[in-house]
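Peer 1: My questions all concern the structure below.
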Amino acid sequence: MEDKTMKSTQDGKLSRRDFVGAAAAVAAFTVVPRHVLGGQDNTPPSGKLNIAGVGIGGMGQNNVAKCADAGANIVALCDVDSRYAAGVFNKYPKARVWTDFRKMLDEQKDIDAVVVATPDHLHAVVAMAAMQRGKHVYVQKPLTRTVWEARMLTEAARKYKVQTQMGNQGHSSEEVRLVCEWIQDGAIGDVREVHCWTNRPVWPQGIGRPTDTPPVPETLDWDLWVGPSPMRPYNPIYLPFNWRAWIDFGAGALGDMGCHVMDAAFWALKLKYPVSVQASHSWEVKQMWTRFDNKETYPSAEVVHYQFPARDGMPPVKLHWYDGGILPERPDDLEPGRNIPESGTIFVGDKGKLMCGTYSENARIFPESKMRAYKRPGKTIRRVEGGPDGHEKDWIDACKGGPAASSNFDYAGPFTETVVMGNLAVLNPDKVLLWDGENMRMTNDEKANSFVKPQYRSGWSL
């Protein structure tokens, strides 16, 4: 069914006459001119941040709502699917509505900061365009779909001196800080092995490209949705959610959940670039995946092994990733009756082990006798007011002159690089790939390097 309440106009804006009235076409806010903004971080002296949301039909609507709850003005909303985003457009009738983020950034001058919650393949181009114009950016996880894009955003944030945040809200939690403080306090000794896993994907993977070509809905700008990726016929299999499975658009279960599940390990163990990575798939998964020789999607289940070097007084460590229902081996010293969660992490130390859930919740040292005997250290890491619910406010406070946000790009960029570079191994299974992180390349397999930097279609660039 088509929703004809809104149509794209030639200037990239959406007509809203049928659902909010012509009076809301211009935002009724007091605009602080850019030339009087305070400080190198473009902080409005009034303390009232003007925010635009790009990709606001899904998770973006939650991010925008939390920004509004934190006192920000929502002055612009941009989405290529007017039907999917209609409820959000209605919620903020004073915000100007756009289809094309490029036109929005060029023409609407009162924007201070941008929330980016599009599919993964658009994160980099939207965030870069915003930063180049001096806008602060909040980008949903994973920060980008590929390694090179993550590096470019990290460097751009430093160059343009803007405040940034990746949308892995668990990074603002009390629980992840406790895990970091315990590990770095030596609660389980030196950690040489970590196991991380998720029950995702919960969408179809290991499948081929659809052959049917239904018409594009009138309320969707398909060309803009495809963005920098190779053009293909529209099919409802891709959106609004299942795009995560497709190599051209998403980063699979690893990209989707790795920025949550692997966060505690990356932070607590002071990880950066791995030196090698290897992936494997079950025989059944290989048969299903290779049956579609074009390899349109990630496999439905996988195991990825990362090797990290020694750093900052910590020994080398192996990190193992599992998804698609594959779990690590149950530790011998995990007490009977204690279950391994559907998604989580186990740290293996030489004096004990620690297990926690997806967002580092329910962290416990085991065996339980060691947890009871452990004298917890004092708090050494800055806390975020509101925890995960304050993740957006943490960024807004940074934009207004406060401390850098919890998951700013100096942290989130290298973290995302590590997460998504695992997909290089996923797409080249059963090989030990040697990784030169500083130079972003595999040193022993030139074919694997083809996924480091995406090839944008004509008209798109970073």
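By convention here, the chains of the structure tokens are called A, B, ... in the order presented, each chain's residues are numbered starting at 1, and ligands are numbered starting at 1 in the order presented.
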Compile the contact shell of Glu446 (chain A) as an MDAnalysis selection string: residues with an atom at most 12 Å away, counting only C-alpha atoms, same-chain residues fewer than 3 positions apart removed.

Peer 2: chainID A and resid 424 428 433:435 440:443 449:452

Peer 1: List the spatial neighbours of region 380-397 of chain A as a ChimeraX atom specification - criterion: any atom at most 9 Å away, only C-alpha atoms, same-chain residues fewer than 2 positions off excluded.

Peer 2: /A:49,63-64,66-67,69-72,113,136-138,163-165,167-174,177-178,180-181,377-378,399-408

Peer 1: Please report, as a short mmCIF file (atom, residue, chain, number, x, y, z; two decimals) with N, CA and C atoms, in the first residue's frame, each residue of region 166-407 of chain A to which DSSP assigns helix (DSSP H, G or I) when run on this structure's backbone.

Peer 2:
data_model
loop_
_atom_site.label_atom_id
_atom_site.label_comp_id
_atom_site.auth_asym_id
_atom_site.auth_seq_id
_atom_site.Cartn_x
_atom_site.Cartn_y
_atom_site.Cartn_z
N GLN A 169 25.10 2.61 23.44
CA GLN A 169 24.70 3.22 24.70
C GLN A 169 25.23 2.48 25.93
N GLY A 170 25.52 1.19 25.81
CA GLY A 170 26.07 0.46 26.94
C GLY A 170 27.39 1.01 27.41
N HIS A 171 28.09 1.74 26.55
CA HIS A 171 29.38 2.32 26.92
C HIS A 171 29.23 3.39 28.01
N SER A 172 28.03 3.90 28.18
CA SER A 172 27.78 4.88 29.23
C SER A 172 27.30 4.25 30.53
N GLU A 174 27.06 2.04 34.11
CA GLU A 174 27.83 1.77 35.31
C GLU A 174 28.52 0.42 35.20
N GLU A 175 27.82 -0.55 34.60
CA GLU A 175 28.31 -1.93 34.55
C GLU A 175 29.60 -2.06 33.76
N VAL A 176 29.70 -1.41 32.61
CA VAL A 176 30.93 -1.54 31.83
C VAL A 176 32.10 -0.89 32.56
N ARG A 177 31.83 0.14 33.32
CA ARG A 177 32.90 0.77 34.10
C ARG A 177 33.38 -0.14 35.22
N LEU A 178 32.45 -0.84 35.85
CA LEU A 178 32.85 -1.78 36.89
C LEU A 178 33.74 -2.88 36.32
N VAL A 179 33.36 -3.41 35.15
CA VAL A 179 34.17 -4.46 34.53
C VAL A 179 35.57 -3.93 34.25
N CYS A 180 35.66 -2.73 33.69
CA CYS A 180 36.98 -2.15 33.40
C CYS A 180 37.79 -1.97 34.68
N GLU A 181 37.17 -1.45 35.72
CA GLU A 181 37.89 -1.20 36.97
C GLU A 181 38.34 -2.51 37.61
N TRP A 182 37.52 -3.54 37.57
CA TRP A 182 37.91 -4.82 38.15
C TRP A 182 39.06 -5.45 37.37
N ILE A 183 38.93 -5.48 36.03
CA ILE A 183 39.97 -6.09 35.20
C ILE A 183 41.30 -5.35 35.39
N GLN A 184 41.25 -4.03 35.36
CA GLN A 184 42.47 -3.25 35.46
C GLN A 184 43.02 -3.23 36.88
N TRP A 222 14.43 5.64 -3.49
CA TRP A 222 15.30 4.47 -3.50
C TRP A 222 16.74 4.83 -3.86
N ASP A 223 16.92 5.77 -4.78
CA ASP A 223 18.27 6.17 -5.18
C ASP A 223 19.05 6.72 -3.98
N LEU A 224 18.40 7.55 -3.18
CA LEU A 224 19.07 8.08 -2.00
C LEU A 224 19.28 7.01 -0.94
N TRP A 225 18.34 6.05 -0.83
CA TRP A 225 18.51 4.98 0.15
C TRP A 225 19.74 4.13 -0.19
N VAL A 226 19.94 3.81 -1.45
CA VAL A 226 21.11 3.04 -1.88
C VAL A 226 22.38 3.86 -1.67
N ASN A 242 16.12 -5.52 7.52
CA ASN A 242 16.97 -6.65 7.12
C ASN A 242 18.20 -6.26 6.31
N TRP A 243 18.38 -4.98 6.04
CA TRP A 243 19.58 -4.53 5.32
C TRP A 243 20.87 -4.93 6.06
N ARG A 244 20.80 -5.20 7.35
CA ARG A 244 22.00 -5.56 8.11
C ARG A 244 22.68 -6.80 7.54
N ALA A 245 21.91 -7.68 6.91
CA ALA A 245 22.46 -8.93 6.39
C ALA A 245 23.29 -8.73 5.14
N GLY A 252 26.44 -7.17 9.16
CA GLY A 252 26.09 -8.46 9.72
C GLY A 252 25.92 -8.43 11.23
N ALA A 253 25.84 -9.62 11.81
CA ALA A 253 25.69 -9.73 13.27
C ALA A 253 26.91 -9.17 14.00
N LEU A 254 28.08 -9.34 13.41
CA LEU A 254 29.31 -8.84 14.03
C LEU A 254 29.27 -7.32 14.16
N GLY A 255 28.93 -6.63 13.08
CA GLY A 255 28.85 -5.18 13.13
C GLY A 255 27.71 -4.69 14.00
N ASP A 256 26.59 -5.39 13.96
CA ASP A 256 25.42 -4.96 14.72
C ASP A 256 25.64 -5.07 16.21
N MET A 257 26.11 -6.23 16.69
CA MET A 257 26.21 -6.47 18.12
C MET A 257 27.63 -6.39 18.68
N GLY A 258 28.63 -6.45 17.82
CA GLY A 258 30.01 -6.40 18.31
C GLY A 258 30.31 -5.13 19.06
N CYS A 259 29.73 -4.00 18.62
CA CYS A 259 30.00 -2.72 19.29
C CYS A 259 29.34 -2.63 20.65
N HIS A 260 28.47 -3.56 20.97
CA HIS A 260 27.94 -3.70 22.32
C HIS A 260 28.73 -4.76 23.10
N VAL A 261 28.74 -5.97 22.56
CA VAL A 261 29.26 -7.11 23.31
C VAL A 261 30.76 -7.02 23.54
N ASP A 263 32.58 -4.35 23.72
CA ASP A 263 32.97 -3.06 24.27
C ASP A 263 33.78 -3.20 25.55
N ALA A 264 33.31 -4.02 26.48
CA ALA A 264 34.02 -4.16 27.76
C ALA A 264 35.43 -4.68 27.56
N ALA A 265 35.58 -5.66 26.66
CA ALA A 265 36.91 -6.21 26.42
C ALA A 265 37.82 -5.18 25.77
N PHE A 266 37.31 -4.45 24.79
CA PHE A 266 38.14 -3.47 24.09
C PHE A 266 38.61 -2.38 25.05
N TRP A 267 37.70 -1.95 25.93
CA TRP A 267 38.02 -0.86 26.86
C TRP A 267 38.89 -1.36 28.01
N ALA A 268 38.47 -2.44 28.66
CA ALA A 268 39.18 -2.91 29.86
C ALA A 268 40.59 -3.37 29.55
N TRP A 283 30.03 -26.46 8.39
CA TRP A 283 29.91 -27.06 7.06
C TRP A 283 28.55 -26.74 6.44
N GLU A 284 27.49 -26.79 7.26
CA GLU A 284 26.15 -26.52 6.71
C GLU A 284 26.05 -25.07 6.25
N VAL A 285 26.63 -24.16 7.04
CA VAL A 285 26.59 -22.76 6.67
C VAL A 285 27.39 -22.52 5.40
N LYS A 286 28.54 -23.17 5.28
CA LYS A 286 29.35 -23.01 4.07
C LYS A 286 28.59 -23.47 2.84
N GLN A 287 27.90 -24.61 2.96
CA GLN A 287 27.16 -25.13 1.81
C GLN A 287 26.07 -24.16 1.39
N MET A 288 25.35 -23.60 2.37
CA MET A 288 24.27 -22.67 2.06
C MET A 288 24.82 -21.37 1.49
N TRP A 289 25.91 -20.88 2.10
CA TRP A 289 26.46 -19.59 1.69
C TRP A 289 27.09 -19.66 0.31
N THR A 290 27.89 -20.70 0.06
CA THR A 290 28.58 -20.80 -1.22
C THR A 290 27.65 -21.19 -2.36
N ARG A 291 26.46 -21.67 -2.02
CA ARG A 291 25.49 -21.97 -3.07
C ARG A 291 25.12 -20.70 -3.84
N GLU A 368 32.29 -18.39 42.36
CA GLU A 368 31.67 -17.40 43.22
C GLU A 368 32.49 -17.09 44.46
N SER A 369 33.26 -18.04 44.93
CA SER A 369 34.10 -17.81 46.11
C SER A 369 35.08 -16.66 45.86
N LYS A 370 35.58 -16.54 44.64
CA LYS A 370 36.49 -15.44 44.31
C LYS A 370 35.76 -14.10 44.28
N MET A 371 34.49 -14.11 43.82
CA MET A 371 33.70 -12.87 43.81
C MET A 371 33.48 -12.39 45.24
N ARG A 372 33.14 -13.30 46.13
CA ARG A 372 32.88 -12.92 47.52
C ARG A 372 34.15 -12.42 48.22
N ALA A 373 35.28 -12.98 47.83
CA ALA A 373 36.54 -12.60 48.48
C ALA A 373 37.13 -11.31 47.91
N GLY A 387 23.46 6.88 32.92
CA GLY A 387 23.92 5.63 32.31
C GLY A 387 23.55 5.58 30.84
N PRO A 388 23.13 4.40 30.34
CA PRO A 388 22.76 4.27 28.93
C PRO A 388 21.69 5.26 28.49
N ASP A 389 20.75 5.59 29.38
CA ASP A 389 19.70 6.55 29.03
C ASP A 389 20.25 7.96 28.91
N GLY A 390 21.46 8.20 29.41
CA GLY A 390 22.08 9.51 29.30
C GLY A 390 23.12 9.59 28.20
N HIS A 391 23.18 8.60 27.33
CA HIS A 391 24.23 8.55 26.30
C HIS A 391 24.14 9.74 25.36
N GLU A 392 22.94 10.10 24.95
CA GLU A 392 22.78 11.26 24.07
C GLU A 392 23.08 12.56 24.82
N LYS A 393 22.63 12.66 26.07
CA LYS A 393 22.91 13.87 26.86
C LYS A 393 24.41 14.02 27.11
N ASP A 394 25.12 12.91 27.27
CA ASP A 394 26.57 12.96 27.44
C ASP A 394 27.22 13.65 26.25
N TRP A 395 26.72 13.36 25.06
CA TRP A 395 27.21 14.00 23.84
C TRP A 395 26.80 15.46 23.79
N ILE A 396 25.55 15.75 24.13
CA ILE A 396 25.08 17.14 24.12
C ILE A 396 25.89 17.99 25.09
N ASP A 397 26.17 17.45 26.27
CA ASP A 397 26.99 18.18 27.24
C ASP A 397 28.38 18.46 26.68
N ALA A 398 28.94 17.49 25.93
CA ALA A 398 30.25 17.72 25.31
C ALA A 398 30.17 18.84 24.28
N CYS A 399 29.08 18.86 23.50
CA CYS A 399 28.90 19.91 22.50
C CYS A 399 28.81 21.29 23.16
#

Peer 1: Looking at A:Gly437, A:Pro201, A:Pro240, A:Gly337, which one is nearest to Asp323 (chain A), with distances taken over only C-alpha atoms?

Peer 2: A:Pro201

Peer 1: Tell me, counting only C-alpha atoms, for each residue of region 261-282 of chain A within 9 Å of region 299-309 of chain A, which pair of atoms is nearest and how far apart they are in Å to one decimal, in rows ordered by chain and increasing number, as a Markdown table.

Peer 2:
| residue | atom | partner | partner_atom | distance |
| --- | --- | --- | --- | --- |
| A:Leu271 | CA | A:Phe308 | CA | 7.3 |
| A:Lys272 | CA | A:Phe308 | CA | 7.9 |
| A:Tyr273 | CA | A:Phe308 | CA | 6.9 |
| A:Pro274 | CA | A:Phe308 | CA | 4.4 |
| A:Val275 | CA | A:Phe308 | CA | 5.7 |
| A:Ser276 | CA | A:Gln307 | CA | 5.3 |
| A:Val277 | CA | A:Tyr306 | CA | 4.6 |
| A:Gln278 | CA | A:His305 | CA | 5.1 |
| A:Ala279 | CA | A:Val304 | CA | 4.2 |
| A:Ser280 | CA | A:Val303 | CA | 5.4 |
| A:His281 | CA | A:Glu302 | CA | 4.8 |
| A:Ser282 | CA | A:Glu302 | CA | 7.2 |

Peer 1: Enumerate as number ranges by chain all residues of region 89-302 of chain A assigned to strand (DSSP E) by DSSP on the backbone, naming them with the chain letters and numbers the document uses.

Peer 2: A: 96-98, 113-116, 136-139, 164-166, 191-197, 276-280, 302

Peer 1: Taking C-alpha atoms for each residue, export the selection above as a PDB file, in the first residue's frame.

Peer 2:
ATOM      1  CA  ARG A  96      11.858  21.351   8.856  1.00  0.00           C
ATOM      2  CA  VAL A  97      11.499  18.101   6.923  1.00  0.00           C
ATOM      3  CA  TRP A  98      13.960  16.936   4.274  1.00  0.00           C
ATOM      4  CA  ALA A 113      24.643  19.029  15.501  1.00  0.00           C
ATOM      5  CA  VAL A 114      23.436  15.978  13.587  1.00  0.00           C
ATOM      6  CA  VAL A 115      22.193  12.572  14.733  1.00  0.00           C
ATOM      7  CA  VAL A 116      22.910   9.885  12.104  1.00  0.00           C
ATOM      8  CA  HIS A 136      28.855  17.884  15.932  1.00  0.00           C
ATOM      9  CA  VAL A 137      27.751  14.322  15.162  1.00  0.00           C
ATOM     10  CA  TYR A 138      26.175  11.376  16.965  1.00  0.00           C
ATOM     11  CA  VAL A 139      26.369   8.230  14.804  1.00  0.00           C
ATOM     12  CA  THR A 164      31.264  13.107  18.575  1.00  0.00           C
ATOM     13  CA  GLN A 165      29.591  10.018  19.963  1.00  0.00           C
ATOM     14  CA  MET A 166      28.849   6.516  18.668  1.00  0.00           C
ATOM     15  CA  VAL A 191      43.767 -11.859  30.815  1.00  0.00           C
ATOM     16  CA  ARG A 192      44.998 -13.831  27.830  1.00  0.00           C
ATOM     17  CA  GLU A 193      41.710 -14.996  26.352  1.00  0.00           C
ATOM     18  CA  VAL A 194      38.223 -13.516  25.887  1.00  0.00           C
ATOM     19  CA  HIS A 195      35.040 -15.055  24.474  1.00  0.00           C
ATOM     20  CA  CYS A 196      32.269 -12.807  23.100  1.00  0.00           C
ATOM     21  CA  TRP A 197      29.019 -14.041  21.561  1.00  0.00           C
ATOM     22  CA  SER A 276      45.740 -11.305  12.891  1.00  0.00           C
ATOM     23  CA  VAL A 277      42.194 -12.523  12.373  1.00  0.00           C
ATOM     24  CA  GLN A 278      40.674 -15.788  11.222  1.00  0.00           C
ATOM     25  CA  ALA A 279      37.058 -16.851  10.660  1.00  0.00           C
ATOM     26  CA  SER A 280      35.288 -20.144  10.153  1.00  0.00           C
ATOM     27  CA  GLU A 302      30.346 -17.718  12.206  1.00  0.00           C
TER      28      GLU A 302
END

Peer 1: Can you tell me how far CA of Pro233 (chain A) sits from CA of Asp221 (chain A), in Å to one decimal?

Peer 2: 12.4 Å

Peer 1: Rounded to one decimal place, report the CA of Leu220 (chain A)-CA of Gly134 (chain A) distance in Å.

Peer 2: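 Here the two named atoms are 29.0 Å from each other.
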
Peer 1: Within 10 Å of Ile340 (chain A), counting only C-alpha atoms, which residues show up once you throw out same-chain ones fewer than 2 positions away? Write them as number ranges by chain, please.

Peer 2: A: 327-331, 334, 337-338, 342-346, 355-357

Peer 1: Would you output that residue set with N, CA and C atoms, as an mmCIF file, in the first residue's frame?

Peer 2:
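Everything below was put into selection-v5.cif:
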data_model
loop_
_atom_site.group_PDB
_atom_site.id
_atom_site.type_symbol
_atom_site.label_atom_id
_atom_site.label_comp_id
_atom_site.auth_asym_id
_atom_site.auth_seq_id
_atom_site.Cartn_x
_atom_site.Cartn_y
_atom_site.Cartn_z
ATOM 1 N N LEU A 327 27.906 -20.970 20.790
ATOM 2 C CA LEU A 327 28.337 -20.509 22.103
ATOM 3 C C LEU A 327 29.733 -21.012 22.413
ATOM 4 N N PRO A 328 30.460 -20.300 23.271
ATOM 5 C CA PRO A 328 31.764 -20.830 23.715
ATOM 6 C C PRO A 328 31.559 -22.037 24.613
ATOM 7 N N GLU A 329 32.619 -22.788 24.796
ATOM 8 C CA GLU A 329 32.558 -23.935 25.699
ATOM 9 C C GLU A 329 32.259 -23.464 27.122
ATOM 10 N N ARG A 330 31.422 -24.211 27.809
ATOM 11 C CA ARG A 330 31.094 -23.863 29.187
ATOM 12 C C ARG A 330 32.320 -24.071 30.063
ATOM 13 N N PRO A 331 32.737 -23.040 30.826
ATOM 14 C CA PRO A 331 33.922 -23.196 31.686
ATOM 15 C C PRO A 331 33.703 -24.254 32.763
ATOM 16 N N LEU A 334 32.476 -22.880 36.182
ATOM 17 C CA LEU A 334 31.197 -22.184 36.299
ATOM 18 C C LEU A 334 30.224 -23.081 37.061
ATOM 19 N N GLY A 337 23.959 -24.694 37.656
ATOM 20 C CA GLY A 337 22.817 -23.801 37.850
ATOM 21 C C GLY A 337 23.029 -22.407 37.318
ATOM 22 N N ARG A 338 24.269 -22.048 37.032
ATOM 23 C CA ARG A 338 24.547 -20.745 36.417
ATOM 24 C C ARG A 338 24.630 -20.930 34.919
ATOM 25 N N GLU A 342 22.414 -15.591 26.558
ATOM 26 C CA GLU A 342 22.297 -15.673 25.106
ATOM 27 C C GLU A 342 23.330 -14.802 24.408
ATOM 28 N N SER A 343 23.791 -13.771 25.092
ATOM 29 C CA SER A 343 24.764 -12.843 24.525
ATOM 30 C C SER A 343 25.624 -12.329 25.659
ATOM 31 N N GLY A 344 26.948 -12.309 25.484
ATOM 32 C CA GLY A 344 27.784 -11.845 26.575
ATOM 33 C C GLY A 344 29.265 -12.050 26.349
ATOM 34 N N THR A 345 30.018 -11.978 27.445
ATOM 35 C CA THR A 345 31.476 -12.046 27.395
ATOM 36 C C THR A 345 32.001 -12.841 28.582
ATOM 37 N N ILE A 346 33.027 -13.641 28.341
ATOM 38 C CA ILE A 346 33.787 -14.290 29.404
ATOM 39 C C ILE A 346 35.243 -13.876 29.264
ATOM 40 N N MET A 355 32.328 -13.114 33.909
ATOM 41 C CA MET A 355 31.310 -13.225 32.872
ATOM 42 C C MET A 355 30.308 -12.097 33.031
ATOM 43 N N CYS A 356 29.868 -11.532 31.896
ATOM 44 C CA CYS A 356 28.853 -10.481 31.913
ATOM 45 C C CYS A 356 27.973 -10.613 30.688
ATOM 46 N N GLY A 357 26.883 -9.863 30.661
ATOM 47 C CA GLY A 357 25.925 -9.934 29.565
ATOM 48 C C GLY A 357 26.259 -8.988 28.430
#

Peer 1: With distances taken over only C-alpha atoms, which of A:Val202, A:Ile111, A:Ala448, A:Ala76 is nearest to Ala425 (chain A)?

Peer 2: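 Answer, going by the shortest atom-to-atom distance: A:Ala448.
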
Peer 1: When distances are computed from only C-alpha atoms, which of A:Gln132, A:Thr198, A:Thr154, A:Thr144 shows the smallest separation from Tyr322 (chain A)?

Peer 2: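 Under the stated criterion, the closest residue is A:Thr198.
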
Peer 1: Between A:Gly186, A:Gly250, A:Pro315, A:Pro210, which residue has the minimum interatomic distance to Asn423 (chain A), considering only C-alpha atoms?

Peer 2: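 For Asn423 (chain A), the nearest of the candidates is A:Gly250.
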
Peer 1: Could you work out how far CA of Ala86 (chain A) lies from CA of Gly47 (chain A), giving the answer in Å with one decimal?

Peer 2: 29.2 Å

Peer 1: I'd like the neighbourhood of Asp333 (chain A) as a list in words, where a residue qualifies if any of its atoms comes within 8 Å (using only C-alpha atoms), though same-chain residues fewer than 2 positions away should be ignored.

Peer 2: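 Answer for this query is Pro331, Glu335, Phe366 and Pro367 of chain A.
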
Peer 1: Mind checking which residues fall within 10 Å of Pro215 (chain A), counting only C-alpha atoms, ignoring those fewer than 4 positions away in the same chain, and posting them as an mmCIF file with N, CA, C and O atoms, in the first residue's frame?

Peer 2:
data_model
loop_
_atom_site.group_PDB
_atom_site.id
_atom_site.type_symbol
_atom_site.label_atom_id
_atom_site.label_comp_id
_atom_site.auth_asym_id
_atom_site.auth_seq_id
_atom_site.Cartn_x
_atom_site.Cartn_y
_atom_site.Cartn_z
ATOM 1 N N PRO A 233 17.988 -3.205 -8.083
ATOM 2 C CA PRO A 233 16.541 -2.979 -8.064
ATOM 3 C C PRO A 233 16.003 -2.968 -6.635
ATOM 4 O O PRO A 233 16.497 -3.687 -5.762
ATOM 5 N N TYR A 234 14.979 -2.175 -6.430
ATOM 6 C CA TYR A 234 14.314 -2.148 -5.130
ATOM 7 C C TYR A 234 13.671 -3.493 -4.821
ATOM 8 O O TYR A 234 13.146 -4.173 -5.700
ATOM 9 N N ASN A 235 13.733 -3.865 -3.543
ATOM 10 C CA ASN A 235 12.993 -5.026 -3.060
ATOM 11 C C ASN A 235 12.727 -4.816 -1.573
ATOM 12 O O ASN A 235 13.629 -4.376 -0.837
ATOM 13 N N PRO A 236 11.535 -5.126 -1.098
ATOM 14 C CA PRO A 236 11.234 -4.896 0.323
ATOM 15 C C PRO A 236 12.028 -5.774 1.269
ATOM 16 O O PRO A 236 11.989 -5.544 2.486
#
